[in-house]
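Peer 1: Can you keep this structure in mind? I'll have questions shortly.
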Amino acid sequence: VQLQASGGGLVQPGGSLRVSCAASGRTFSTSIMGWFRQAPGKEREFVAAISRRGGSTYYAESQKGRFTISRDNAKNTVYLQMNKLKPEDTAVYSCAAGPRISTVQSMGVMVPRSYDYWGQGTQVTVSS
């Protein structure tokens, strides 16, 4: 599967932004989908994950209540709605597909190596 992220940009602190990730191939609907981010000089960090049908989600603690992950299997697209953005949210946001991950409650859902396919990322900058 190929993944293409889009929707990044510059936003002021407290603002909102939605990034999208379009997938090609049959693996999308059979994969746990995740969002990760990486800031300059820092390791890749888990943001959120969503189950195959979209009924279950899992978030990193720092994103709970601010970010919402969703998916549309008819469009082969996963979304990340980000609200109340902070300067520390500045990073390159990448989506990933994990067909081997069993559920979003799995320990591996937060681990990058659990995912088999990655998009190229989209830059999100939060600054005034």
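Please note that chains go A, B, ... in the order of the structure tokens, that every chain numbers its residues from 1, and that ligands are numbered from 1 in the order shown.
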Identify, on the basis of only C-alpha atoms, every residue whose closest approach to range 24-27 of chain A does not exceed 8 Å; exclude the query and any residue fewer than 2 positions from it along the same chain; express the result as an MDAnalysis selection string.

Peer 2: chainID A and resid 1:3 22 29:31 76 99

Peer 1: What does the file look like for those residues with all heavy atoms, as a CSV table (one decimal), in the first residue's frame?

Peer 2:
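The result, written out as part06.csv:
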chain,number,residue,atom,x,y,z
A,1,VAL,N,0.8,-1.2,0.0
A,1,VAL,CA,0.0,0.0,0.0
A,1,VAL,C,0.9,1.2,0.0
A,1,VAL,O,2.0,1.2,0.6
A,1,VAL,CB,-0.9,0.0,1.2
A,1,VAL,CG1,-0.2,0.0,2.5
A,1,VAL,CG2,-1.9,1.2,1.1
A,2,GLN,N,0.4,2.3,-0.7
A,2,GLN,CA,1.2,3.6,-0.7
A,2,GLN,C,0.3,4.6,0.0
A,2,GLN,O,-0.9,4.6,-0.1
A,2,GLN,CB,1.4,4.0,-2.2
A,2,GLN,CG,2.4,3.1,-2.9
A,2,GLN,CD,2.7,3.6,-4.3
A,2,GLN,OE1,1.9,4.2,-4.9
A,2,GLN,NE2,4.0,3.5,-4.7
A,3,LEU,N,1.0,5.4,0.8
A,3,LEU,CA,0.3,6.4,1.6
A,3,LEU,C,0.8,7.8,1.3
A,3,LEU,O,2.0,8.0,1.1
A,3,LEU,CB,0.6,6.1,3.1
A,3,LEU,CG,0.2,4.7,3.6
A,3,LEU,CD1,0.7,4.5,5.0
A,3,LEU,CD2,-1.3,4.5,3.5
A,22,ALA,N,-4.1,9.6,2.3
A,22,ALA,CA,-4.8,8.8,1.3
A,22,ALA,C,-4.0,7.6,1.0
A,22,ALA,O,-2.8,7.6,0.8
A,22,ALA,CB,-5.0,9.6,0.0
A,29,SER,N,-8.1,-1.2,4.3
A,29,SER,CA,-9.3,-1.5,5.1
A,29,SER,C,-9.0,-2.7,6.1
A,29,SER,O,-9.7,-2.9,7.0
A,29,SER,CB,-10.5,-1.9,4.2
A,29,SER,OG,-10.2,-3.0,3.4
A,30,THR,N,-7.9,-3.4,5.8
A,30,THR,CA,-7.5,-4.5,6.7
A,30,THR,C,-6.4,-4.1,7.7
A,30,THR,O,-5.8,-5.0,8.3
A,30,THR,CB,-7.1,-5.7,5.9
A,30,THR,OG1,-6.0,-5.4,5.1
A,30,THR,CG2,-8.2,-6.2,5.0
A,31,SER,N,-6.1,-2.8,7.8
A,31,SER,CA,-4.9,-2.3,8.6
A,31,SER,C,-5.4,-1.4,9.7
A,31,SER,O,-6.3,-0.6,9.5
A,31,SER,CB,-3.9,-1.6,7.7
A,31,SER,OG,-3.4,-2.4,6.7
A,76,ASN,N,-10.6,5.3,1.3
A,76,ASN,CA,-9.2,4.9,1.6
A,76,ASN,C,-8.4,6.0,2.3
A,76,ASN,O,-7.2,6.3,1.9
A,76,ASN,CB,-8.5,4.4,0.4
A,76,ASN,CG,-8.7,2.9,0.1
A,76,ASN,OD1,-9.6,2.3,0.7
A,76,ASN,ND2,-8.0,2.3,-0.8
A,99,PRO,N,-1.0,-3.7,9.0
A,99,PRO,CA,-1.9,-4.9,8.8
A,99,PRO,C,-1.6,-6.0,9.8
A,99,PRO,O,-2.5,-6.9,10.0
A,99,PRO,CB,-1.5,-5.3,7.4
A,99,PRO,CG,-0.2,-4.8,7.1
A,99,PRO,CD,-0.1,-3.5,7.9

Peer 1: DSSP on the backbone, helix (DSSP H, G or I) only: what residues of chain A does that give? Format it as a list in words.

Peer 2: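 Checking each residue of chain A, the helix (DSSP H, G or I) ones are Phe28, Ser29, Thr30, Glu61, Ser62, Gln63, Pro87, Glu88, Asp89, Met107, Gly108, Val109, Met110, Pro112, Arg113 and Ser114 of chain A.
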
Peer 1: Need to verify the contact set: Leu10 in chain A, 7 Å, only C-alpha atoms, exclusion of same-chain residues closer than 3 positions in sequence. Can you return it as a list in words?

Peer 2: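 Within the cut-off, the hits are Val124, Thr125 and Val126 of chain A.
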
Peer 1: Any chance you can output those residues with C-alpha atoms as a compact mmCIF listing (two decimals), in the first residue's frame?

Peer 2:
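Done, and the output landed in again.txt:
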# COMPACT_ATOMS: atom_id res chain seq x y z
CA VAL A 124 2.74 21.11 10.70
CA THR A 125 4.10 24.32 12.19
CA VAL A 126 2.42 26.02 15.13

Peer 1: Using only C-alpha atoms, which protein or nucleic acid residues come within 9 Å of Arg52 in chain A? Drop anything in the same chain fewer than 2 positions from it, and give the result as a PyMOL selection string.

Peer 2: chain A and resi 28-33+50+54-56+71+73+103

Peer 1: Taking C-alpha atoms for each residue, export the selection above as a CSV table (one decimal), in the first residue's frame.

Peer 2:
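Written output follows (out_16.csv):
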chain,number,residue,atom,x,y,z
A,28,PHE,CA,-6.0,-0.1,3.9
A,29,SER,CA,-9.3,-1.5,5.1
A,30,THR,CA,-7.5,-4.5,6.7
A,31,SER,CA,-4.9,-2.3,8.6
A,32,ILE,CA,-4.8,-0.6,11.9
A,33,MET,CA,-3.9,3.0,10.8
A,50,ILE,CA,-7.6,3.7,14.8
A,54,GLY,CA,-13.0,2.9,12.8
A,55,GLY,CA,-14.9,1.9,15.9
A,56,SER,CA,-11.9,2.0,18.3
A,71,ARG,CA,-11.1,7.0,8.8
A,73,ASN,CA,-12.7,3.2,4.2
A,103,THR,CA,-6.1,-4.3,17.8

Peer 1: What separation in Å, quoted to one decimal, exists between CA of Gln38 in chain A and CA of Ala91 in chain A?

Peer 2: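 Separation of CA of Gln38 in chain A and CA of Ala91 in chain A: 5.2 Å.
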
Peer 1: Taking the backbone alone, and naming residues the way the document does, which bits of chain A are strand (DSSP E) by DSSP, as a ChimeraX atom specification?

Peer 2: /A:2-6,9-11,17-24,32-38,45-50,57-59,67-72,77-82,91-98,117-118,122-126

Peer 1: Which value, in Å to one decimal, gives the distance between CA of Ala60 in chain A and CA of Ser102 in chain A?

Peer 2: 18.2 Å

Peer 1: Could you check how far CA of Ser70 in chain A sits from CA of Gly7 in chain A, in Å to one decimal?

Peer 2: 14.8 Å
